[in-house]
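Encoded as structure tokens, the structure appears first; notes follow it.
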Amino acid sequence: MNHWEDFLAPYKQAVEELKIKLKGMRSQFELENNHSPIEFVTGRVKPVASILDKANQKNIALDHLVEEMQDIAGLRMMCQFVDDIEVVVRLLRQRNDFRIVEERDYITNKKPSGYRSYHVVIEYPVETIQGEKRILAEIQIRTLAMNFWATIEHSVNYKYQGEFPEAINTRLKRAAEAAFQLDEEMSQIREEVQEAQVYFSQNKDVAKDKKAAHPQVMPKENK
């Protein structure tokens, strides 16, 4: 693998295309004035150093990366509520611009570390000047609380290389449960939260309209 830029080019293209498409799903809900199950979308291509580390850990030969490493291209779709995740997964299953290869439910079946998220691995066709290339990409769907915990855990894991001191491990598990409890509590008041958001949005639009209809006149400078 001496030509990493060439190798990663279709993955970078896939991430940019998928970000536009997945953000478009959110925009469609907003145009219909419906609650969007998608809060926001991010994406990245795994750095070369991380690819090599994972290949070493998983015993993946470099000439088998395309078939065996599923998350070189990665997307994250954030949701406000746990129930929104199921809606997003259902929407992904209905699409015909990629093929779902695998689904992993780490919400119903959390990892021992406390990690929760829903992973959808897809095969995505990328059009290049050499023709079509089909690559694997991983879409992670999670709530904001799940993402906060996962981000912190990833940073700590980088420091300890997965060998957490027992005290840190215990606290991380407690924090994971606290994050999930927060999601559960927010789900209980979901309707009230959504009504408040609609009210806020509508009043913000009214204020904009009033401001546009009655622009402030700047006082003339004294000469």
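Every chain in the structure tokens has a letter given in the order shown (A, B, ...), and although residue numbers restart at 1 in each chain, ligands are simply numbered from 1 in the order shown.
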Exercise. Tell me, which residues of stretch 36-182 of chain A carry DSSP helix (DSSP H, G or I), written as number ranges by chain?
Worked result: A: 48-58, 62-68, 82-94, 144-160, 166-182
Exercise. Got a sec: who's within 12 Å of A:Leu92, counting only C-alpha atoms, leaving out chain neighbours fewer than 6 positions off, as number ranges by chain?
Worked result: A: 18, 21-22, 25, 38, 77, 85-86, 98-101, 103, 119-122, 139-141
Problem set entry | DSSP strand (DSSP E) residues within stretch 32-143 of chain A, listed as a PyMOL selection string | chain A and resi 40-45+73-79+99-105+118-128+131-143
Problem set entry | Exercise: stretch 43-53 of chain A partners within 10 Å, only C-alpha atoms, chain neighbours under 2 positions left out, as number ranges by chain | A: 4-5, 8-9, 11-16, 18-19, 41, 55-62, 65, 69, 71-77, 137-140
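When atom CA of A:Leu144 is paired with atom CA of A:Ser113, their separation reads 17.9 Å.
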Closest atom pairs, residues of stretch 116-203 of chain A within 6 Å of stretch 104-109 of chain A, only C-alpha atoms, as JSON lines:
```
{"residue": "A:Arg116", "atom": "CA", "partner": "A:Ile107", "partner_atom": "CA", "distance": 4.7}
{"residue": "A:Ser117", "atom": "CA", "partner": "A:Tyr106", "partner_atom": "CA", "distance": 5.0}
{"residue": "A:Tyr118", "atom": "CA", "partner": "A:Asp105", "partner_atom": "CA", "distance": 4.8}
{"residue": "A:His119", "atom": "CA", "partner": "A:Arg104", "partner_atom": "CA", "distance": 5.0}
```
Please produce a file of the residues just selected, as a compact mmCIF listing (two decimals), in the first residue's frame, where the atoms kept are N, CA, C and O atoms.
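Writing done, so here's selection-v4.txt:
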```txt
# COMPACT_ATOMS: atom_id res chain seq x y z
N ARG A 116 -23.23 2.07 23.53
CA ARG A 116 -24.51 1.88 22.86
C ARG A 116 -24.53 2.67 21.55
O ARG A 116 -24.14 3.84 21.51
N SER A 117 -24.99 2.04 20.50
CA SER A 117 -25.13 2.67 19.20
C SER A 117 -25.75 1.63 18.27
O SER A 117 -25.76 0.44 18.59
N TYR A 118 -26.26 2.08 17.12
CA TYR A 118 -26.77 1.15 16.11
C TYR A 118 -25.91 1.32 14.87
O TYR A 118 -25.77 2.43 14.35
N HIS A 119 -25.30 0.22 14.41
CA HIS A 119 -24.40 0.28 13.27
C HIS A 119 -25.04 -0.36 12.04
O HIS A 119 -25.59 -1.46 12.13
```
